[in-house]
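*Asks:* I'm passing along run.csv; it holds CSV, C-alpha atoms.
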```csv
chain,number,residue,atom,x,y,z
A,1,MET,CA,-13.7,25.8,1.5
A,2,ARG,CA,-11.4,24.7,-1.3
A,3,THR,CA,-10.7,21.7,-3.5
A,4,LEU,CA,-7.7,19.7,-2.7
A,5,ASP,CA,-5.1,20.2,-5.4
A,6,PRO,CA,-3.7,16.8,-6.3
A,7,GLN,CA,-0.5,18.4,-7.7
A,8,SER,CA,0.3,19.6,-4.2
A,9,LEU,CA,0.2,16.2,-2.7
A,10,PRO,CA,3.7,14.8,-3.7
A,11,GLN,CA,5.3,17.4,-1.4
A,12,HIS,CA,3.8,15.6,1.6
A,13,VAL,CA,5.2,12.1,0.7
A,14,ASP,CA,8.2,12.3,2.9
A,15,ARG,CA,6.3,13.4,6.0
A,16,LEU,CA,3.6,10.9,5.4
A,17,TYR,CA,6.1,8.1,4.9
A,18,ARG,CA,7.7,8.9,8.2
A,19,ALA,CA,4.3,8.8,9.9
A,20,ALA,CA,3.5,5.5,8.2
A,21,TRP,CA,6.8,4.0,9.2
A,22,ALA,CA,6.2,4.9,12.8
A,23,LEU,CA,2.7,3.5,12.7
A,24,CYS,CA,3.7,0.2,11.0
A,25,GLY,CA,7.2,-0.2,12.3
A,26,SER,CA,8.4,-1.4,8.9
A,27,ARG,CA,9.5,0.5,5.9
A,28,GLU,CA,7.9,-1.9,3.5
A,29,ASP,CA,4.5,-1.7,5.2
A,30,ALA,CA,4.9,2.1,5.4
A,31,GLU,CA,5.3,2.3,1.6
A,32,ASP,CA,2.2,0.3,1.1
A,33,LEU,CA,0.3,2.4,3.5
A,34,VAL,CA,1.4,5.7,2.0
A,35,GLN,CA,0.6,4.5,-1.5
A,36,GLU,CA,-2.8,3.3,-0.4
A,37,THR,CA,-3.5,6.6,1.4
A,38,PHE,CA,-2.7,8.7,-1.7
A,39,SER,CA,-4.7,6.3,-3.8
A,40,ARG,CA,-7.7,6.9,-1.6
A,41,VAL,CA,-7.3,10.6,-1.6
A,42,LEU,CA,-6.9,10.8,-5.3
A,43,SER,CA,-9.9,8.5,-6.0
A,44,LYS,CA,-12.2,11.5,-6.3
A,45,PRO,CA,-12.1,15.3,-5.9
A,46,ARG,CA,-11.8,16.3,-2.3
A,47,VAL,CA,-13.1,19.4,-0.6
A,48,LEU,CA,-11.1,20.8,2.3
A,49,GLN,CA,-13.2,22.8,4.7
A,50,GLY,CA,-10.5,25.3,5.6
A,51,ASP,CA,-8.3,22.4,6.6
A,52,ASP,CA,-4.7,22.0,6.1
A,53,GLU,CA,-3.7,19.3,3.6
A,54,LEU,CA,-1.5,17.5,6.1
A,55,TYR,CA,-4.4,17.3,8.6
A,56,TYR,CA,-6.6,15.8,5.9
A,57,LEU,CA,-3.9,13.4,4.8
A,58,MET,CA,-3.4,12.3,8.5
A,59,ARG,CA,-7.1,11.5,8.7
A,60,VAL,CA,-7.0,9.4,5.6
A,61,LEU,CA,-3.7,7.7,6.7
A,62,ARG,CA,-5.4,6.9,10.1
A,63,ASN,CA,-8.4,5.4,8.4
A,64,THR,CA,-6.4,3.4,5.9
A,65,PHE,CA,-4.1,2.1,8.6
A,66,LEU,CA,-7.0,1.0,10.8
A,67,THR,CA,-8.9,-0.6,7.9
A,68,GLY,CA,-5.7,-2.3,6.8
A,69,ARG,CA,-5.2,-3.8,10.3
A,70,ARG,CA,-8.8,-5.1,10.4
A,71,THR,CA,-8.4,-6.6,6.9
A,72,ALA,CA,-5.0,-8.1,7.9
A,73,SER,CA,-6.5,-9.7,11.0
A,74,ARG,CA,-9.0,-11.5,8.8
A,75,ARG,CA,-6.7,-12.9,6.2
A,76,PRO,CA,-4.4,-15.9,6.4
A,77,VAL,CA,-0.9,-15.4,7.6
A,78,THR,CA,1.5,-15.4,4.7
A,79,ALA,CA,5.2,-15.6,4.4
A,80,ALA,CA,7.0,-12.6,3.0
A,81,VAL,CA,6.8,-13.1,-0.7
A,82,LEU,CA,8.2,-10.1,-2.6
A,83,GLU,CA,11.4,-9.5,-0.9
A,84,ASP,CA,13.4,-11.4,-3.4
A,85,VAL,CA,12.2,-9.3,-6.3
A,86,VAL,CA,11.1,-6.1,-4.7
A,87,ALA,CA,14.2,-4.5,-3.3
A,88,ALA,CA,13.6,-2.2,-0.4
A,89,ASP,CA,15.3,1.2,-0.6
A,90,PRO,CA,18.8,0.6,0.6
A,91,LYS,CA,19.3,4.2,1.5
A,92,PRO,CA,16.3,5.6,3.3
A,93,THR,CA,18.6,8.3,4.5
A,94,SER,CA,22.0,9.6,3.5
A,95,ARG,CA,23.2,9.1,7.0
A,96,PRO,CA,23.5,5.4,8.0
A,97,GLU,CA,23.8,6.0,11.7
A,98,GLN,CA,20.6,8.0,11.6
A,99,ALA,CA,18.9,5.2,9.7
A,100,ILE,CA,19.6,2.8,12.5
A,101,GLU,CA,18.4,5.2,15.1
A,102,VAL,CA,15.3,6.0,13.2
A,103,GLN,CA,14.5,2.4,12.7
A,104,GLU,CA,14.9,1.7,16.4
A,105,LEU,CA,12.8,4.8,17.3
A,106,TYR,CA,10.0,4.0,14.9
A,107,ALA,CA,10.0,0.3,15.9
A,108,THR,CA,9.5,1.4,19.5
A,109,ILE,CA,6.6,3.6,18.6
A,110,ALA,CA,5.1,0.8,16.6
A,111,GLN,CA,4.9,-1.2,19.8
A,112,LEU,CA,2.7,1.3,21.5
A,113,SER,CA,-1.0,0.7,21.7
A,114,GLU,CA,-2.9,1.9,18.6
A,115,ASP,CA,-4.3,5.0,20.3
A,116,PHE,CA,-1.0,6.1,21.8
A,117,ARG,CA,0.8,5.4,18.5
A,118,LEU,CA,-1.6,7.5,16.5
A,119,ALA,CA,-1.4,10.4,18.9
A,120,LEU,CA,2.4,10.4,18.9
A,121,VAL,CA,2.6,10.1,15.1
A,122,ALA,CA,0.1,12.9,14.5
A,123,VAL,CA,1.8,15.4,16.7
A,124,ASP,CA,5.5,14.4,17.0
A,125,VAL,CA,6.1,12.8,13.7
A,126,LEU,CA,3.7,14.5,11.3
A,127,GLY,CA,3.9,17.8,13.2
A,128,LEU,CA,0.2,18.6,13.5
A,129,SER,CA,-1.0,20.9,16.2
A,130,TYR,CA,-2.9,19.3,19.2
A,131,ARG,CA,-6.1,20.7,17.8
A,132,GLU,CA,-5.5,19.3,14.3
A,133,ALA,CA,-4.4,16.0,15.6
A,134,ALA,CA,-7.4,15.7,17.9
A,135,ARG,CA,-9.7,16.3,15.0
A,136,ALA,CA,-7.8,14.0,12.6
A,137,LEU,CA,-8.0,11.2,15.2
A,138,ARG,CA,-11.6,12.1,16.1
A,139,VAL,CA,-10.9,12.5,19.8
A,140,ARG,CA,-11.1,15.4,22.2
A,141,GLU,CA,-8.1,17.6,22.6
A,142,ALA,CA,-7.8,16.6,26.3
A,143,THR,CA,-7.8,13.0,25.3
A,144,LEU,CA,-5.2,13.5,22.7
A,145,THR,CA,-3.0,15.4,25.2
A,146,THR,CA,-3.2,12.5,27.7
A,147,ARG,CA,-2.5,9.9,25.1
A,148,LEU,CA,0.4,11.9,23.8
A,149,PHE,CA,1.9,12.3,27.2
A,150,ARG,CA,1.6,8.6,28.0
A,151,ALA,CA,2.9,7.6,24.6
A,152,ARG,CA,6.0,9.8,25.0
A,153,LYS,CA,6.5,8.5,28.4
A,154,GLN,CA,6.4,4.9,27.3
A,155,VAL,CA,8.7,5.5,24.4
A,156,ALA,CA,11.1,7.5,26.5
A,157,ALA,CA,11.1,4.6,29.1
A,158,GLN,CA,11.9,2.1,26.4
A,159,LEU,CA,14.7,4.2,25.1
A,160,ALA,CA,15.8,5.4,28.6
A,161,PRO,CA,19.4,4.1,28.7
A,162,GLU,CA,20.1,5.5,25.2
A,163,VAL,CA,18.4,8.8,25.9
A,164,GLU,CA,20.2,9.3,29.2
A,165,GLN,CA,23.5,8.5,27.5
A,166,VAL,CA,22.9,11.1,24.8
A,167,ARG,CA,21.7,13.6,27.4
A,168,GLU,CA,24.8,13.2,29.4
A,169,SER,CA,27.1,13.6,26.4
A,170,THR,CA,25.1,16.6,25.3
A,171,ARG,CA,25.5,18.2,28.7
A,172,GLU,CA,29.2,17.4,28.8
A,173,GLY,CA,29.8,18.7,25.3
A,174,LYS,CA,27.3,21.5,26.1
A,175,THR,CA,25.7,22.4,22.9
A,176,ALA,CA,23.3,25.2,22.6
A,177,GLY,CA,19.7,24.3,23.5
A,178,GLY,CA,20.5,20.9,24.9
A,179,VAL,CA,18.3,19.2,22.3
A,180,LEU,CA,19.0,15.6,21.3
A,181,SER,CA,20.5,15.3,17.9
A,182,THR,CA,19.2,12.8,15.4
A,183,GLY,CA,22.7,11.7,14.8
A,184,GLY,CA,25.1,12.1,12.0
A,185,THR,CA,25.9,15.7,12.7
A,186,ALA,CA,28.4,15.0,15.4
B,187,MET,CA,11.2,4.5,35.8
B,188,SER,CA,7.7,5.7,36.3
B,189,GLN,CA,8.7,9.2,37.5
B,190,ARG,CA,10.5,10.4,34.5
B,191,ASP,CA,11.9,13.8,33.9
B,192,PRO,CA,9.5,15.8,31.7
B,193,GLN,CA,12.5,17.1,29.9
B,194,ILE,CA,13.0,13.6,28.4
B,195,ASP,CA,9.5,13.7,26.9
B,196,SER,CA,10.2,17.0,25.3
B,197,GLU,CA,13.5,15.9,24.1
B,198,LEU,CA,11.8,12.8,22.6
B,199,SER,CA,9.3,15.0,20.9
B,200,GLU,CA,12.0,17.3,19.4
B,201,ARG,CA,14.1,14.3,18.4
B,202,LEU,CA,11.1,12.8,16.5
B,203,ARG,CA,10.4,16.1,14.8
B,204,ALA,CA,14.0,16.5,13.7
B,205,ILE,CA,14.0,13.2,11.8
B,206,ASP,CA,14.3,14.0,8.1
B,207,VAL,CA,14.2,10.6,6.5
B,208,ARG,CA,13.1,10.8,2.9
B,209,ALA,CA,10.7,8.3,1.4
B,210,PRO,CA,12.3,6.0,-1.2
B,211,GLN,CA,12.5,7.4,-4.7
B,212,GLU,CA,10.3,4.6,-6.0
B,213,LEU,CA,7.5,5.7,-3.7
B,214,HIS,CA,7.8,9.3,-4.8
B,215,GLU,CA,7.6,8.1,-8.4
B,216,ARG,CA,4.6,6.0,-7.7
B,217,ILE,CA,2.8,8.8,-6.1
B,218,GLU,CA,3.6,11.2,-8.9
B,219,SER,CA,2.4,8.6,-11.3
B,220,LEU,CA,-0.9,8.3,-9.4
B,221,VAL,CA,-1.3,12.1,-9.4
B,222,ALA,CA,-0.6,12.3,-13.2
B,223,GLU,CA,-2.9,9.4,-13.8
B,224,ARG,CA,-5.8,10.9,-11.9
B,225,ALA,CA,-5.2,14.3,-13.5
B,226,ALA,CA,-5.4,12.6,-17.0
B,227,ALA,CA,-8.5,10.7,-16.0
B,228,ARG,CA,-10.2,13.9,-14.9
B,229,ARG,CA,-9.5,15.5,-18.3
B,230,ARG,CA,-11.3,12.6,-20.1
B,231,PRO,CA,-15.1,12.7,-20.6
B,232,ALA,CA,-17.1,11.4,-17.7
B,233,GLY,CA,-18.1,8.2,-19.4
B,234,TRP,CA,-14.5,7.1,-19.9
B,235,ARG,CA,-13.5,8.1,-16.4
B,236,LEU,CA,-15.1,5.2,-14.5
B,237,GLN,CA,-14.0,2.5,-16.8
B,238,ILE,CA,-10.5,3.5,-17.9
B,239,GLY,CA,-9.4,5.1,-14.6
B,240,GLY,CA,-10.1,1.9,-12.7
B,241,ALA,CA,-8.8,-0.2,-15.5
B,242,VAL,CA,-5.5,1.6,-15.7
B,243,ALA,CA,-5.0,1.3,-11.9
B,244,LEU,CA,-5.9,-2.3,-11.8
B,245,ALA,CA,-3.9,-3.2,-14.9
B,246,ALA,CA,-0.9,-1.6,-13.2
B,247,ILE,CA,-1.5,-3.6,-10.1
B,248,VAL,CA,-1.9,-6.9,-11.8
B,249,ALA,CA,1.0,-6.3,-14.2
B,250,GLY,CA,3.2,-5.2,-11.3
B,251,LEU,CA,2.1,-8.2,-9.2
B,252,LEU,CA,2.8,-10.6,-12.1
B,253,ILE,CA,6.3,-9.3,-12.4
B,254,SER,CA,6.8,-9.5,-8.7
B,255,LEU,CA,5.4,-12.9,-8.4
B,256,LEU,CA,7.2,-14.7,-11.2
B,257,GLY,CA,10.1,-16.6,-10.0
B,258,GLY,CA,13.2,-17.6,-11.9
B,259,GLY,CA,14.3,-16.4,-15.3
B,260,ALA,CA,14.6,-12.8,-16.3
B,261,ALA,CA,11.4,-11.8,-14.5
B,262,SER,CA,13.1,-12.2,-11.1
B,263,LYS,CA,15.6,-9.5,-12.2
B,264,LEU,CA,12.9,-6.9,-12.6
B,265,THR,CA,13.0,-4.1,-10.1
B,266,MET,CA,10.2,-2.1,-8.6
B,267,ARG,CA,11.2,0.8,-10.8
B,268,GLU,CA,10.5,-1.2,-13.9
B,269,THR,CA,7.3,-2.4,-12.3
B,270,VAL,CA,6.2,1.2,-11.8
B,271,ALA,CA,7.0,2.0,-15.4
B,272,LEU,CA,4.1,-0.3,-16.3
B,273,THR,CA,1.7,1.9,-14.5
B,274,GLN,CA,2.2,4.5,-17.2
B,275,ARG,CA,0.5,2.4,-19.8
B,276,PRO,CA,-3.0,3.3,-20.9
B,277,ALA,CA,-6.0,1.0,-20.9
B,278,THR,CA,-6.4,-0.5,-24.4
B,279,ALA,CA,-9.8,-2.2,-24.8
B,280,SER,CA,-13.4,-2.0,-23.7
B,281,ALA,CA,-15.2,-4.7,-21.6
B,282,PRO,CA,-15.4,-8.1,-23.3
B,283,SER,CA,-18.9,-9.4,-23.8
B,284,GLU,CA,-20.4,-12.6,-22.7
B,285,ASN,CA,-19.7,-15.6,-24.9
B,286,ALA,CA,-22.8,-16.1,-27.0
B,287,ARG,CA,-22.3,-19.8,-27.1
B,288,ASN,CA,-21.4,-20.3,-23.5
B,289,GLY,CA,-23.0,-18.2,-20.8
B,290,THR,CA,-20.3,-18.9,-18.2
B,291,GLU,CA,-17.5,-17.4,-20.2
B,292,LEU,CA,-16.5,-14.1,-21.7
B,293,ALA,CA,-15.7,-13.9,-25.4
B,294,VAL,CA,-12.0,-13.5,-24.8
B,295,ALA,CA,-9.4,-16.1,-24.1
B,296,VAL,CA,-5.7,-16.7,-23.9
B,297,ASP,CA,-4.4,-19.7,-25.8
B,298,GLY,CA,-7.9,-21.1,-25.5
B,299,VAL,CA,-8.2,-20.4,-21.8
B,300,PRO,CA,-11.3,-18.3,-21.5
B,301,PHE,CA,-12.1,-15.6,-19.0
B,302,PRO,CA,-15.1,-16.4,-16.8
B,303,TYR,CA,-18.4,-14.6,-17.0
B,304,TRP,CA,-19.3,-13.9,-13.4
B,305,ASP,CA,-22.0,-11.3,-13.6
B,306,GLU,CA,-25.1,-13.5,-13.3
B,307,ARG,CA,-23.7,-15.9,-10.7
B,308,PHE,CA,-21.5,-13.7,-8.6
B,309,GLY,CA,-22.4,-10.1,-9.5
B,310,TRP,CA,-19.0,-9.2,-10.8
B,311,ARG,CA,-19.3,-7.7,-14.3
B,312,SER,CA,-16.4,-7.1,-16.7
B,313,THR,CA,-15.6,-3.5,-17.3
B,314,GLY,CA,-12.5,-3.5,-19.5
B,315,SER,CA,-9.4,-5.3,-20.6
B,316,ARG,CA,-5.9,-4.8,-21.8
B,317,THR,CA,-2.9,-6.7,-23.1
B,318,ASP,CA,0.7,-6.3,-22.1
B,319,GLY,CA,4.0,-7.9,-22.9
B,320,LEU,CA,6.0,-9.1,-19.9
B,321,ASP,CA,9.4,-10.7,-20.4
B,322,GLY,CA,8.4,-11.9,-23.8
B,323,ARG,CA,5.0,-13.2,-22.8
B,324,GLN,CA,1.6,-11.7,-23.5
B,325,VAL,CA,-0.5,-11.0,-20.5
B,326,THR,CA,-4.2,-10.3,-20.9
B,327,THR,CA,-6.1,-8.8,-18.1
B,328,VAL,CA,-9.8,-8.4,-17.7
B,329,PHE,CA,-11.3,-6.1,-15.1
B,330,TYR,CA,-14.4,-6.9,-13.1
B,331,VAL,CA,-16.4,-4.7,-10.8
B,332,ASN,CA,-19.0,-5.8,-8.2
B,333,ARG,CA,-22.1,-4.0,-6.9
B,334,ASP,CA,-20.1,-2.5,-4.1
B,335,GLY,CA,-17.8,-0.9,-6.6
B,336,GLN,CA,-14.9,-3.1,-5.7
B,337,ARG,CA,-12.6,-3.9,-8.7
B,338,ILE,CA,-10.4,-6.8,-9.4
B,339,GLY,CA,-8.1,-7.7,-12.3
B,340,TYR,CA,-7.9,-11.2,-13.7
B,341,ALA,CA,-4.8,-11.9,-15.7
B,342,ILE,CA,-3.8,-14.9,-17.8
B,343,VAL,CA,-0.2,-15.3,-18.9
B,344,ALA,CA,0.2,-16.7,-22.4
B,345,GLY,CA,2.6,-19.5,-23.1
B,346,LYS,CA,3.7,-22.7,-21.4
B,347,PRO,CA,5.1,-23.7,-19.1
B,348,ALA,CA,3.6,-21.3,-16.6
B,349,PRO,CA,6.1,-19.3,-14.7
B,350,THR,CA,6.8,-20.5,-11.2
B,351,ILE,CA,5.5,-18.6,-8.2
B,352,LYS,CA,6.9,-18.4,-4.7
B,353,GLY,CA,5.5,-17.7,-1.2
B,354,GLY,CA,2.0,-17.3,0.1
B,355,VAL,CA,-0.4,-19.8,1.5
B,356,ILE,CA,-1.7,-22.7,-0.5
B,357,GLU,CA,-5.4,-23.6,-0.5
B,358,TRP,CA,-6.6,-26.6,-2.4
B,359,ARG,CA,-9.9,-26.7,-4.3
B,360,SER,CA,-10.9,-29.7,-6.4
B,361,GLY,CA,-7.3,-30.9,-6.6
B,362,THR,CA,-5.9,-27.6,-7.7
B,363,PRO,CA,-3.5,-25.5,-5.6
B,364,TYR,CA,-4.4,-21.9,-5.2
B,365,ARG,CA,-1.8,-19.5,-3.8
B,366,LEU,CA,-3.1,-16.7,-1.6
B,367,GLN,CA,-0.9,-13.7,-1.0
B,368,HIS,CA,-1.0,-10.2,0.3
B,369,ALA,CA,1.2,-8.0,-1.7
B,370,TRP,CA,1.4,-4.2,-2.3
B,371,GLY,CA,-1.8,-3.7,-0.5
B,372,ASN,CA,-3.7,-6.2,-2.6
B,373,GLU,CA,-5.1,-9.6,-2.1
B,374,VAL,CA,-3.8,-12.0,-4.7
B,375,VAL,CA,-4.8,-15.4,-5.8
B,376,SER,CA,-2.7,-17.3,-8.4
B,377,TRP,CA,-3.0,-20.7,-9.9
B,378,GLN,CA,-2.8,-22.5,-13.2
B,379,ARG,CA,-5.5,-23.3,-15.7
B,380,SER,CA,-4.6,-25.6,-18.5
B,381,GLY,CA,-0.9,-24.9,-17.8
B,382,HIS,CA,-1.3,-21.2,-17.9
B,383,LEU,CA,-0.6,-18.9,-14.9
B,384,CYS,CA,-3.7,-17.0,-13.8
B,385,VAL,CA,-3.7,-14.2,-11.2
B,386,ILE,CA,-6.6,-12.4,-9.6
B,387,ALA,CA,-5.8,-9.3,-7.6
B,388,GLY,CA,-7.9,-6.7,-5.9
B,389,HIS,CA,-7.6,-4.2,-3.1
B,390,GLY,CA,-9.8,-4.6,-0.1
B,391,VAL,CA,-11.5,-7.7,-1.5
B,392,ASN,CA,-12.0,-10.6,0.9
B,393,PRO,CA,-9.4,-13.3,0.0
B,394,SER,CA,-12.0,-16.0,0.5
B,395,ALA,CA,-14.2,-14.2,-2.1
B,396,LEU,CA,-11.2,-14.1,-4.5
B,397,LEU,CA,-10.5,-17.7,-3.9
B,398,ALA,CA,-14.2,-18.6,-4.6
B,399,LEU,CA,-14.1,-16.7,-7.8
B,400,ALA,CA,-10.8,-18.2,-8.8
B,401,SER,CA,-11.8,-21.8,-8.1
B,402,TRP,CA,-15.2,-21.5,-9.7
B,403,GLN,CA,-15.3,-24.3,-12.3
B,404,GLY,CA,-18.5,-23.3,-14.1
B,405,HIS,CA,-16.9,-22.1,-17.3
B,406,GLU,CA,-14.6,-25.1,-17.5
B,407,THR,CA,-17.2,-27.6,-16.7
B,408,LEU,CA,-19.5,-26.5,-19.5
B,409,SER,CA,-16.8,-25.9,-22.0
B,410,ALA,CA,-15.1,-29.2,-21.5
```
Represent the structure of the file as structure tokens.

*Replies:*
Amino acid sequence: MRTLDPQSLPQHVDRLYRAAWALCGSREDAEDLVQETFSRVLSKPRVLQGDDELYYLMRVLRNTFLTGRRTASRRPVTAAVLEDVVAADPKPTSRPEQAIEVQELYATIAQLSEDFRLALVAVDVLGLSYREAARALRVREATLTTRLFRARKQVAAQLAPEVEQVRESTREGKTAGGVLSTGGTA
Amino acid sequence: MSQRDPQIDSELSERLRAIDVRAPQELHERIESLVAERAAARRRPAGWRLQIGGAVALAAIVAGLLISLLGGGAASKLTMRETVALTQRPATASAPSENARNGTELAVAVDGVPFPYWDERFGWRSTGSRTDGLDGRQVTTVFYVNRDGQRIGYAIVAGKPAPTIKGGVIEWRSGTPYRLQHAWGNEVVSWQRSGHLCVIAGHGVNPSALLALASWQGHETLSA
């Protein structure tokens, strides 16, 4: 059992941002979600019961995300209001081609059902183990595994033509490992 | 389509794990500010912690929202970076008391526009205040807390004419338009009182409750 050290939190911002982006499907909403998550975590001293910080942050991110969705469903629909003065980061990544791909990928994930999305984000985006992800999402490990499998399948199906294309080119060019690149590295 | 090669799933997984997109610098700075602010709050005596910690955060939110909401003029040129800089400022004043001569107001006003006293009627008590300068205008903010621990900031911008505001949804109450918006994780209601821009913002507060507070005419009815 140990107390969460707030000073160690900024190192997780990038990973949490990616997770939030995949959950929300939009960079602007992801920024809000990450800020809100950290704000909650920092609101009082936190005790980690042998848990990894990232696992704990995923739990709070999930709760904040779900709470936000419930709140959003109750409030009136508003037009975008801050875009004229609050400039979104024009360079989320130093590689433009990757930015487009990431945007598409995360947008596809954001279309999944909530359960599938959370499972995919916890394991594949945030990098938690199945066990950690299951605990963070408060489901059984078997349930998480099923959701994850289905989520991957759905996303892969959505991206099928693109994935096949990249696989083909990977095979032809034969690179070691045969793993899809995230682009930009040629 | 339904019988997919498992390799694709594993490739997808690896592809997702390989993404190395960084969060915007502004977000990094905001989080670091939050961490620094909380660290400073914990070093203060306990009595200060509750009032000033919340006050600083809310003041930052309200000040930031004001900058973001104001349309036209130099305010529209402000960037998020500048907005974040406001979050560094400390709280400056303790909670204003109830106006001894008018039980529906607090003893603090901007250009004669008083802040409401909501404790008795709505259960929102004032916990602190601060004053900032934005774009040459003075902005006074009073913070309120309800019994559930929710906090809101009520800001009044000095000077006329009131800056124009864009976006949101308009709700009319007693002939006055109230603009409801959701921005930066906060519910926001803005409107004018005696030609002054007023903004109430709070996180996780029901917009209808904010609107009810904003449109309460008690203090103006009695003081008119």

*Asks:* Would you mind listing what lies within 10 Å of Leu397 in chain B as JSON, numbers by chain, with only C-alpha atoms counted and same-chain residues fewer than 5 positions away left out?

*Replies:* {"B": [357, 358, 359, 364, 365, 366, 373, 374, 375, 376, 386, 392, 402]}

*Asks:* From the list B:Glu200, B:Asp334, B:Glu291, B:Glu284, which residue is nearest chain A when using all atoms listed in the file?

*Replies:*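 With all atoms listed in the file as the atom set, the closest residue is B:Glu200.
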
*Asks:* Between B:Pro363, B:Pro210, B:Pro282, B:Gly322, single out the one closest to chain A, counting only C-alpha atoms.

*Replies:*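 Counting only C-alpha atoms, the residue closest to chain A is B:Pro210.
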
*Asks:* Using all atoms listed in the file, determine which residues lie at most 9 Å from Leu292 in chain B, disregarding the query and same-chain residues fewer than 3 positions distant; provide the list as a list of chain:residue names.

*Replies:*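 So the residues in contact are B:Pro282, B:Ser283, B:Glu284, B:Asn285, B:Ala286, B:Asn288, B:Gly289, B:Ala295, B:Pro300, B:Phe301, B:Pro302, B:Tyr303, B:Trp304, B:Ser312.
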
*Asks:* Mind giving me the straight-line distance from CA of Val331 in chain B to CA of Thr313 in chain B in Å, one decimal?

*Replies:* 6.7 Å

*Asks:* Can you tell me how far CA of Ser129 in chain A sits from CA of Gln111 in chain A, in Å to one decimal?

*Replies:*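 The value is 23.2 Å.
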
*Asks:* Using all atoms listed in the file for the distances, tell me which of A:Met58, A:Leu42, A:Cys24, A:Leu126 is nearest to Leu112 in chain A.

*Replies:*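 Nearest candidate to Leu112 in chain A out of A:Met58, A:Leu42, A:Cys24, A:Leu126: A:Cys24.
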
*Asks:* Mind checking which residues fall within 8 Å of Thr143 in chain A, counting all atoms listed in the file, ignoring those fewer than 4 positions away in the same chain, and posting them as JSON, numbers by chain?

*Replies:* {"A": [134, 139, 147]}

*Asks:* Identify which of the residues A:Leu118, A:Leu48, A:Ala136, A:Leu9 lies closest to chain B, counting only C-alpha atoms when measuring atom-to-atom distances.

*Replies:* A:Leu9

*Asks:* With only C-alpha atoms as the counted atoms, please give the residues lying no more than 10 Å from Arg62 in chain A, apart from itself and same-chain residues fewer than 6 positions off, as a ChimeraX atom specification.

*Replies:* /A:19-20,23,33,37,56,68,118,121-122,136-137
